[in-house]
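Asker: Below you'll find input.txt; it's compact mmCIF, C-alpha atoms and all ligand atoms.
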# COMPACT_ATOMS: atom_id res chain seq x y z
CA MET A 1405 -64.03 49.70 178.92
CA THR A 1406 -65.59 50.73 182.22
CA ILE A 1407 -64.22 49.56 185.58
CA LYS A 1408 -65.50 50.05 189.13
CA VAL A 1409 -62.93 49.94 191.90
CA ALA A 1410 -63.85 49.81 195.61
CA ILE A 1411 -61.17 50.69 198.16
CA ASP A 1412 -62.00 50.29 201.85
CA GLY A 1413 -60.07 50.21 205.09
CA PRO A 1414 -59.45 52.05 208.37
CA ALA A 1415 -58.26 55.67 208.65
CA GLY A 1416 -54.66 56.25 207.61
CA ALA A 1417 -54.28 53.03 205.58
CA GLY A 1418 -53.57 55.16 202.50
CA LYS A 1419 -56.98 54.83 200.83
CA SER A 1420 -57.45 58.35 199.46
CA THR A 1421 -53.91 58.81 198.17
CA ILE A 1422 -53.83 55.37 196.55
CA ALA A 1423 -57.36 55.78 195.14
CA LYS A 1424 -56.37 59.14 193.59
CA HIS A 1425 -53.22 57.64 192.00
CA VAL A 1426 -55.14 54.66 190.59
CA ALA A 1427 -57.98 56.82 189.24
CA LYS A 1428 -55.44 59.05 187.50
CA GLN A 1429 -53.66 56.08 185.99
CA LEU A 1430 -56.91 54.53 184.73
CA GLY A 1431 -58.23 57.92 183.56
CA ILE A 1432 -61.48 57.59 185.53
CA PRO A 1433 -63.16 59.68 188.26
CA TYR A 1434 -62.32 59.35 191.94
CA VAL A 1435 -64.91 59.73 194.70
CA ASP A 1436 -63.81 60.30 198.32
CA THR A 1437 -66.90 59.12 200.24
CA GLY A 1438 -65.38 60.07 203.62
CA ALA A 1439 -65.54 63.70 202.41
CA ILE A 1440 -69.32 63.32 202.04
CA TYR A 1441 -69.69 62.22 205.70
CA ARG A 1442 -67.29 64.95 206.78
CA SER A 1443 -69.28 67.57 204.82
CA LEU A 1444 -72.46 66.52 206.58
CA ALA A 1445 -70.73 66.74 209.98
CA TRP A 1446 -69.39 70.19 209.03
CA GLN A 1447 -72.82 71.37 207.98
CA ALA A 1448 -74.46 70.04 211.15
CA ILE A 1449 -71.89 71.77 213.38
CA ASN A 1450 -72.32 75.04 211.46
CA ALA A 1451 -76.10 74.83 211.68
CA ASN A 1452 -75.90 74.10 215.43
CA THR A 1453 -77.61 70.75 214.84
CA PRO A 1454 -76.89 68.37 217.73
CA LEU A 1455 -74.96 65.39 216.39
CA ASP A 1456 -77.21 62.98 218.32
CA ASP A 1457 -80.35 64.30 216.60
CA GLU A 1458 -80.78 61.69 213.86
CA ASN A 1459 -83.93 63.25 212.31
CA SER A 1460 -82.31 66.66 211.84
CA LEU A 1461 -79.18 65.01 210.42
CA VAL A 1462 -81.34 63.09 207.94
CA GLN A 1463 -82.95 66.37 206.84
CA LEU A 1464 -79.53 67.95 206.34
CA ALA A 1465 -78.37 64.86 204.42
CA GLU A 1466 -81.44 65.05 202.15
CA SER A 1467 -80.51 68.56 201.09
CA LEU A 1468 -76.72 68.17 201.14
CA ASP A 1469 -75.61 70.14 198.09
CA ILE A 1470 -72.08 68.81 197.55
CA LEU A 1471 -69.77 69.32 194.59
CA PHE A 1472 -66.32 67.82 193.94
CA ILE A 1473 -64.25 70.11 191.70
CA PRO A 1474 -61.01 68.69 190.23
CA ASP A 1475 -57.98 70.75 191.32
CA GLY A 1476 -54.70 69.49 189.92
CA ASP A 1477 -54.05 66.06 191.42
CA SER A 1478 -56.59 66.73 194.13
CA GLN A 1479 -60.17 67.96 194.34
CA ARG A 1480 -62.00 70.71 196.16
CA VAL A 1481 -65.13 70.06 198.18
CA ILE A 1482 -67.86 72.68 197.79
CA VAL A 1483 -71.02 72.66 199.91
CA ARG A 1484 -73.72 75.24 199.13
CA GLY A 1485 -71.14 77.29 197.26
CA ILE A 1486 -68.64 77.33 200.18
CA ASP A 1487 -65.21 75.76 199.72
CA ILE A 1488 -64.83 73.49 202.77
CA THR A 1489 -61.88 71.40 201.48
CA HIS A 1490 -59.66 72.43 204.40
CA ALA A 1491 -62.38 72.82 207.04
CA ILE A 1492 -63.53 69.19 206.79
CA ARG A 1493 -60.02 68.00 207.76
CA GLU A 1494 -60.09 69.93 211.06
CA PRO A 1495 -59.54 67.63 214.09
CA GLU A 1496 -63.00 68.62 215.41
CA ILE A 1497 -64.64 67.14 212.31
CA SER A 1498 -62.39 64.03 212.35
CA ASN A 1499 -63.40 63.33 215.94
CA LYS A 1500 -67.13 63.85 215.44
CA VAL A 1501 -67.75 62.41 211.99
CA SER A 1502 -67.96 58.76 213.14
CA LEU A 1503 -71.04 59.60 215.21
CA VAL A 1504 -72.79 61.11 212.17
CA ALA A 1505 -71.92 57.95 210.20
CA THR A 1506 -73.62 55.62 212.72
CA TYR A 1507 -77.22 56.51 211.81
CA PRO A 1508 -78.81 54.10 209.30
CA GLN A 1509 -81.18 56.74 207.84
CA VAL A 1510 -78.31 59.18 207.36
CA ARG A 1511 -76.33 56.46 205.57
CA LYS A 1512 -79.37 55.72 203.40
CA GLU A 1513 -79.57 59.38 202.29
CA LEU A 1514 -75.85 59.56 201.60
CA LEU A 1515 -76.07 56.29 199.64
CA THR A 1516 -78.19 58.14 197.06
CA ILE A 1517 -75.47 60.78 196.58
CA GLN A 1518 -72.76 58.09 196.36
CA THR A 1519 -74.74 56.03 193.83
CA THR A 1520 -75.21 59.12 191.62
CA LEU A 1521 -71.50 59.95 191.83
CA SER A 1522 -70.52 56.36 190.94
CA GLN A 1523 -72.40 56.38 187.66
CA SER A 1524 -69.79 57.74 185.29
CA ALA A 1525 -69.67 56.01 181.91
CA LEU A 1526 -65.90 55.53 182.34
CA GLY A 1527 -66.15 53.82 185.71
CA VAL A 1528 -65.03 55.04 189.10
CA VAL A 1529 -62.58 54.56 191.97
CA MET A 1530 -64.37 55.05 195.32
CA ASP A 1531 -62.82 54.88 198.74
CA GLY A 1532 -64.52 54.58 202.13
CA ARG A 1533 -65.57 51.99 204.69
CA ASP A 1534 -68.47 50.14 203.04
CA ILE A 1535 -67.83 50.55 199.32
CA GLY A 1536 -67.18 46.86 198.59
CA THR A 1537 -69.94 45.68 200.95
CA SER A 1538 -72.74 48.24 200.34
CA ILE A 1539 -72.12 51.00 197.81
CA LEU A 1540 -70.54 49.01 194.93
CA PRO A 1541 -71.25 45.34 195.77
CA ASP A 1542 -70.68 44.54 192.07
CA ALA A 1543 -67.31 46.37 191.85
CA ASP A 1544 -64.83 44.78 189.42
CA VAL A 1545 -61.97 45.18 191.87
CA LYS A 1546 -62.29 45.35 195.67
CA ILE A 1547 -59.32 46.21 197.82
CA PHE A 1548 -59.15 46.28 201.61
CA LEU A 1549 -56.19 48.36 202.72
CA THR A 1550 -54.69 47.96 206.17
CA ALA A 1551 -51.56 49.02 208.07
CA THR A 1552 -50.48 48.86 211.70
CA VAL A 1553 -52.05 51.49 213.92
CA GLU A 1554 -48.62 53.06 214.57
CA VAL A 1555 -47.95 53.47 210.84
CA ARG A 1556 -51.42 54.85 210.21
CA ALA A 1557 -51.15 57.34 213.09
CA ARG A 1558 -47.74 58.52 211.85
CA ARG A 1559 -49.11 59.04 208.32
CA ARG A 1560 -52.17 60.92 209.60
CA PHE A 1561 -49.93 63.05 211.86
CA GLU A 1562 -47.60 63.97 208.96
CA GLU A 1563 -50.56 64.70 206.70
CA MET A 1564 -52.20 66.99 209.26
CA LYS A 1565 -48.93 68.82 209.88
CA ARG A 1566 -48.58 69.38 206.12
CA GLN A 1567 -52.12 70.78 206.11
CA GLY A 1568 -51.10 73.26 208.80
CA PHE A 1569 -52.85 71.70 211.82
CA ASP A 1570 -51.14 71.79 215.22
CA VAL A 1571 -51.29 68.12 216.36
CA GLU A 1572 -49.54 65.61 218.66
CA LEU A 1573 -48.68 62.10 217.46
CA GLU A 1574 -49.92 60.39 220.65
CA LYS A 1575 -53.27 62.19 220.45
CA VAL A 1576 -53.65 61.37 216.75
CA LEU A 1577 -53.05 57.67 217.54
CA LEU A 1578 -55.65 57.59 220.32
CA GLU A 1579 -58.24 59.41 218.19
CA LEU A 1580 -57.57 57.10 215.27
CA GLU A 1581 -58.10 54.01 217.46
CA ALA A 1582 -61.35 55.47 218.79
CA ARG A 1583 -62.58 56.16 215.25
CA ASP A 1584 -61.63 52.63 214.09
CA GLN A 1585 -63.65 51.13 216.95
CA ALA A 1586 -66.68 53.31 216.19
CA ASP A 1587 -66.51 52.48 212.46
CA LYS A 1588 -66.14 48.72 213.10
CA GLN A 1589 -68.76 48.44 215.81
CA ARG A 1590 -71.63 50.45 214.37
CA LYS A 1591 -74.65 48.39 213.30
CA ALA A 1592 -75.27 50.04 209.91
CA SER A 1593 -72.74 48.92 207.27
CA PRO A 1594 -69.70 48.80 209.56
CA LEU A 1595 -66.11 48.84 208.38
CA ARG A 1596 -65.63 45.28 207.15
CA MET A 1597 -63.70 43.55 204.39
CA ALA A 1598 -65.97 42.24 201.61
CA ASP A 1599 -65.71 38.46 201.11
CA ASP A 1600 -64.41 38.97 197.57
CA ALA A 1601 -61.93 41.75 198.40
CA VAL A 1602 -58.14 41.52 198.19
CA ALA A 1603 -56.39 42.55 201.43
CA LEU A 1604 -53.28 44.70 201.09
CA ASP A 1605 -51.15 45.66 204.10
CA THR A 1606 -49.42 48.94 203.24
CA SER A 1607 -47.32 49.20 206.45
CA LEU A 1608 -44.04 48.53 204.64
CA LEU A 1609 -45.01 49.91 201.23
CA THR A 1610 -44.62 53.38 199.79
CA ILE A 1611 -47.73 54.97 198.31
CA GLU A 1612 -46.23 54.45 194.84
CA GLU A 1613 -45.67 50.72 195.47
CA ALA A 1614 -49.16 50.17 196.87
CA SER A 1615 -50.77 52.20 194.04
CA ALA A 1616 -48.84 50.19 191.45
CA MET A 1617 -50.13 46.92 192.99
CA VAL A 1618 -53.74 48.10 192.95
CA ALA A 1619 -53.39 49.45 189.40
CA ALA A 1620 -51.91 46.09 188.32
CA LEU A 1621 -54.93 44.25 189.75
CA CYS A 1622 -57.24 46.58 187.82
CA GLU A 1623 -55.25 45.99 184.63
CA VAL A 1624 -55.51 42.19 185.09
CA ARG A 1625 -59.27 42.50 185.56
CA LEU A 1626 -59.64 44.66 182.43
CA ARG A 1627 -57.52 42.28 180.33
CA THR A 1628 -59.44 39.23 181.58
CA ARG A 1629 -62.69 40.91 180.60
CA ARG A 1630 -61.35 41.81 177.13
CA TYR A 1631 -60.08 38.24 176.70
CA ASN A 1632 -63.39 36.68 177.81
CA LYS A 1633 -65.23 38.95 175.37
CA PHE A 1634 -62.88 37.91 172.58
CA ILE A 1635 -63.12 34.10 172.99
O1 LIG B 1701 -62.16 58.34 205.15
P1 LIG B 1701 -62.40 59.45 206.18
O2 LIG B 1701 -61.49 59.37 207.35
O3 LIG B 1701 -62.41 60.81 205.57
O4 LIG B 1701 -63.90 59.14 206.72
C1 LIG B 1701 -64.52 59.95 207.68
C2 LIG B 1701 -65.56 59.14 208.45
O5 LIG B 1701 -66.67 58.86 207.61
C3 LIG B 1701 -65.10 57.82 209.02
O6 LIG B 1701 -64.90 57.92 210.42
C4 LIG B 1701 -66.20 56.86 208.76
C5 LIG B 1701 -67.15 57.56 207.84
N1 LIG B 1701 -67.30 56.87 206.55
C6 LIG B 1701 -68.23 55.85 206.49
O7 LIG B 1701 -68.84 55.53 207.49
N2 LIG B 1701 -68.47 55.25 205.30
C7 LIG B 1701 -67.79 55.60 204.20
N3 LIG B 1701 -68.06 54.99 203.03
C8 LIG B 1701 -66.82 56.62 204.26
C9 LIG B 1701 -66.58 57.23 205.48
Could you quickly redo this structure as structure tokens?
Ligand code: DC
Answerer:
Amino acid sequence: MTIKVAIDGPAGAGKSTIAKHVAKQLGIPYVDTGAIYRSLAWQAINANTPLDDENSLVQLAESLDILFIPDGDSQRVIVRGIDITHAIREPEISNKVSLVATYPQVRKELLTIQTTLSQSALGVVMDGRDIGTSILPDADVKIFLTATVEVRARRRFEEMKRQGFDVELEKVLLELEARDQADKQRKASPLRMADDAVALDTSLLTIEEASAMVAALCEVRLRTRRYNKFI
């Protein structure tokens, strides 16, 4: 039975890790929509396209040739045959990607890619900022993950250190706050909790605990559907 799961929330709330765990447990694909915005930002920077030139960004988005290749518990991001999995996590991309995500026409182009990627027969777990509100408004389960800004900054800092980036906690926190503001305040599909989403604060939870809660909600939804079909 197919199930669509939308996971939204600010940076560092645990979205990608939890989404990956839940997708694995349900045996369905996972789509990291932030990686799509990051790939576009990466491509624009590499093509020397100014990030305030909406028309050129739309053209790049139209021809964005992106592939997600499963790699163990993770996935690799390939754009035009180049593996940019690591490059799109660079602080430069993290700091500039919110600007790319503000343009309505860019979002419209990337919506097409996201819609295509969401159409697996098995269902999908997607994480981002507007999945429950715009990309999968009919999702079976919608989760809005949050955590205090200190916890989120600490997680992002540890993650970046693991990935080999030279970062400072204070700087990570300030950049994260700036990105949150940009994502919440933009006009086109801002970061917002869908009316029918379940809010989950992960500040005091381990990834395993939070993933188990989300997976349990999905299981309840699947059982309810089976039951309703049966009666
Ligand atoms: O989840 P992330 O940090 O990799 O996302 C990178 C940026 O992409 C984030 O600042 C906001 C944008 N984004 C978005 O606007 N809509 C999405 N569905 C996913 C990401």
Asker: Once you count all atoms listed in the file, which residues end up within 6 Å of ligand LIG 1701 (chain B), and could you hand them over as a compact mmCIF listing (two decimals) with C-alpha atoms, in the coordinates of the input?
Answerer:
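Result file selection05.txt:
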# COMPACT_ATOMS: atom_id res chain seq x y z
CA ALA A 1415 -58.26 55.67 208.65
CA THR A 1437 -66.90 59.12 200.24
CA GLY A 1438 -65.38 60.07 203.62
CA ALA A 1439 -65.54 63.70 202.41
CA TYR A 1441 -69.69 62.22 205.70
CA ARG A 1442 -67.29 64.95 206.78
CA VAL A 1501 -67.75 62.41 211.99
CA SER A 1502 -67.96 58.76 213.14
CA ALA A 1505 -71.92 57.95 210.20
CA GLY A 1532 -64.52 54.58 202.13
CA ARG A 1533 -65.57 51.99 204.69
CA ASP A 1534 -68.47 50.14 203.04
CA ILE A 1535 -67.83 50.55 199.32
CA ARG A 1583 -62.58 56.16 215.25
CA ASP A 1587 -66.51 52.48 212.46
Asker: So that all listed atoms of range 1564-1576 of chain A fit with 3 Å spare on each side, what axis-aligned box centre and edge lengths in Å, to one decimal, would you give as AutoDock Vina command-line options?
Answerer:
--center_x -51.1 --center_y 66.8 --center_z 213.4 --size_x 11.1 --size_y 18.9 --size_z 20.5
Asker: Show which residues sit within 10 Å of Glu1623 in chain A, as a PyMOL selection string. Count only C-alpha atoms, and ignore same-chain residues fewer than 4 positions away.
Answerer: chain A and resi 1407+1430+1545+1617-1619+1627-1629
Asker: What's around Pro1495 in chain A at 10 Å? Count all atoms listed in the file, leave out sequence neighbours fewer than 2 positions away in its own chain, and write the answer as a PDB file with C-alpha atoms, in the coordinates of the input.
Answerer:
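This went into selection29.pdb:
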ATOM      1  CA  ALA A1491     -62.380  72.820 207.040  1.00  0.00           C
ATOM      2  CA  ILE A1492     -63.530  69.190 206.790  1.00  0.00           C
ATOM      3  CA  ARG A1493     -60.020  68.000 207.760  1.00  0.00           C
ATOM      4  CA  ILE A1497     -64.640  67.140 212.310  1.00  0.00           C
ATOM      5  CA  SER A1498     -62.390  64.030 212.350  1.00  0.00           C
ATOM      6  CA  ASN A1499     -63.400  63.330 215.940  1.00  0.00           C
ATOM      7  CA  LYS A1500     -67.130  63.850 215.440  1.00  0.00           C
ATOM      8  CA  VAL A1501     -67.750  62.410 211.990  1.00  0.00           C
ATOM      9  CA  MET A1564     -52.200  66.990 209.260  1.00  0.00           C
ATOM     10  CA  PHE A1569     -52.850  71.700 211.820  1.00  0.00           C
ATOM     11  CA  ASP A1570     -51.140  71.790 215.220  1.00  0.00           C
ATOM     12  CA  VAL A1571     -51.290  68.120 216.360  1.00  0.00           C
ATOM     13  CA  VAL A1576     -53.650  61.370 216.750  1.00  0.00           C
ATOM     14  CA  GLU A1579     -58.240  59.410 218.190  1.00  0.00           C
TER      15      GLU A1579
END
Asker: What does the distance between CA of Leu1514 in chain A and CA of Phe1472 in chain A come to in Å, to one decimal place?
Answerer: 14.8 Å
Asker: Here is a test: counting only C-alpha atoms, which residue of A:Asp1544, A:Asp1584, A:Asp1599, A:Glu1574 is nearest to Met1405 in chain A?
Answerer: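 Looking only at the distances to Met1405 in chain A, the closest residue turns out to be A:Asp1544.
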Asker: Give the answer as one residue: which of A:Arg1596, A:Lys1591, A:Arg1480, A:Lys1575 has the shortest atom-to-atom distance to Thr1550 in chain A, using all atoms listed in the file?
Answerer: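 Looking only at the distances to Thr1550 in chain A, the closest residue turns out to be A:Arg1596.
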Asker: If you measure from CA of Glu1613 in chain A to CA of Ile1422 in chain A, what distance in Å do you get, rounded to one decimal?
Answerer: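 Value for the CA of Glu1613 in chain A-CA of Ile1422 in chain A distance: 9.5 Å.
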Asker: Quick one, how far is CA of Ala1557 in chain A from CA of Leu1578 in chain A?
Answerer: 8.5 Å
Asker: Considering all atoms listed in the file, return as a CSV table (one decimal) with C-alpha atoms, in the frame of the given file whatever protein or nucleic-acid residues lie within 10 Å of Ile1486 in chain A, sequence-local ones (same chain, fewer than 5 positions apart) excluded.
Answerer:
chain,number,residue,atom,x,y,z
A,1470,ILE,CA,-72.1,68.8,197.6
A,1471,LEU,CA,-69.8,69.3,194.6
A,1481,VAL,CA,-65.1,70.1,198.2
Asker: I need the residue nearest Leu1540 in chain A from this list: A:Ile1488, A:Ala1601, A:Val1555, A:Ile1473. Use all atoms listed in the file for the distance.
Answerer: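 Under the stated criterion, the closest residue is A:Ala1601.
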Asker: Counting all atoms listed in the file, figure out which residue out of A:Ser1607, A:Thr1506, A:Gln1585, A:Thr1421 gets nearest to Leu1455 in chain A.
Answerer: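 Of A:Ser1607, A:Thr1506, A:Gln1585, A:Thr1421, the one nearest Leu1455 in chain A is A:Thr1506, counting all atoms listed in the file.
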Asker: As an NGL selection string, please: the residues near Gln1429 in chain A (cut-off 10 Å, only C-alpha atoms, same-chain neighbours under 4 positions excluded).
Answerer: :A and (1423-1425 or 1615-1616 or 1619)
Asker: Rank A:Glu1494, A:Asp1457, A:Asp1477, A:Asp1605 by their smallest atom-to-atom distance to Lys1565 in chain A, using only C-alpha atoms, and report the top residue only.
Answerer: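 Of A:Glu1494, A:Asp1457, A:Asp1477, A:Asp1605, the one nearest Lys1565 in chain A, counting only C-alpha atoms, is A:Glu1494.
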Asker: Counting all atoms listed in the file, which of A:Phe1548, A:Gly1568, A:Val1483, A:Ala1427 gets nearest to Gln1447 in chain A?
Answerer: A:Val1483
Asker: Since the input has fewer atoms than a full residue there, write range 1504-1517 of chain A out with N, CA, C and O atoms, as a compact mmCIF listing (two decimals), in the coordinates of the input.
Answerer:
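selection-v5.txt, written as the output of this step:
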# COMPACT_ATOMS: atom_id res chain seq x y z
N VAL A 1504 -71.86 60.81 213.26
CA VAL A 1504 -72.79 61.11 212.17
C VAL A 1504 -72.99 59.88 211.28
O VAL A 1504 -74.09 59.61 210.80
N ALA A 1505 -71.89 59.11 211.11
CA ALA A 1505 -71.92 57.95 210.20
C ALA A 1505 -72.61 56.73 210.81
O ALA A 1505 -72.77 55.71 210.13
N THR A 1506 -73.01 56.81 212.09
CA THR A 1506 -73.62 55.62 212.72
C THR A 1506 -75.10 55.47 212.36
O THR A 1506 -75.64 54.37 212.45
N TYR A 1507 -75.76 56.56 211.97
CA TYR A 1507 -77.22 56.51 211.81
C TYR A 1507 -77.64 55.88 210.48
O TYR A 1507 -77.29 56.41 209.41
N PRO A 1508 -78.43 54.79 210.54
CA PRO A 1508 -78.81 54.10 209.30
C PRO A 1508 -79.53 55.00 208.30
O PRO A 1508 -79.26 54.93 207.10
N GLN A 1509 -80.42 55.89 208.79
CA GLN A 1509 -81.18 56.74 207.84
C GLN A 1509 -80.28 57.78 207.18
O GLN A 1509 -80.48 58.15 206.03
N VAL A 1510 -79.28 58.23 207.93
CA VAL A 1510 -78.31 59.18 207.36
C VAL A 1510 -77.53 58.47 206.26
O VAL A 1510 -77.36 58.97 205.15
N ARG A 1511 -77.10 57.24 206.55
CA ARG A 1511 -76.33 56.46 205.57
C ARG A 1511 -77.16 56.22 204.32
O ARG A 1511 -76.66 56.24 203.21
N LYS A 1512 -78.47 55.99 204.54
CA LYS A 1512 -79.37 55.72 203.40
C LYS A 1512 -79.42 56.95 202.48
O LYS A 1512 -79.34 56.84 201.25
N GLU A 1513 -79.54 58.14 203.10
CA GLU A 1513 -79.57 59.38 202.29
C GLU A 1513 -78.26 59.56 201.54
O GLU A 1513 -78.24 59.91 200.36
N LEU A 1514 -77.15 59.32 202.24
CA LEU A 1514 -75.85 59.56 201.60
C LEU A 1514 -75.55 58.49 200.54
O LEU A 1514 -74.77 58.73 199.62
N LEU A 1515 -76.22 57.34 200.66
CA LEU A 1515 -76.07 56.29 199.64
C LEU A 1515 -76.55 56.81 198.29
O LEU A 1515 -75.93 56.57 197.26
N THR A 1516 -77.65 57.59 198.31
CA THR A 1516 -78.19 58.14 197.06
C THR A 1516 -77.15 59.02 196.37
O THR A 1516 -76.91 58.89 195.17
N ILE A 1517 -76.50 59.89 197.16
CA ILE A 1517 -75.47 60.78 196.58
C ILE A 1517 -74.33 59.94 196.01
O ILE A 1517 -73.84 60.16 194.90
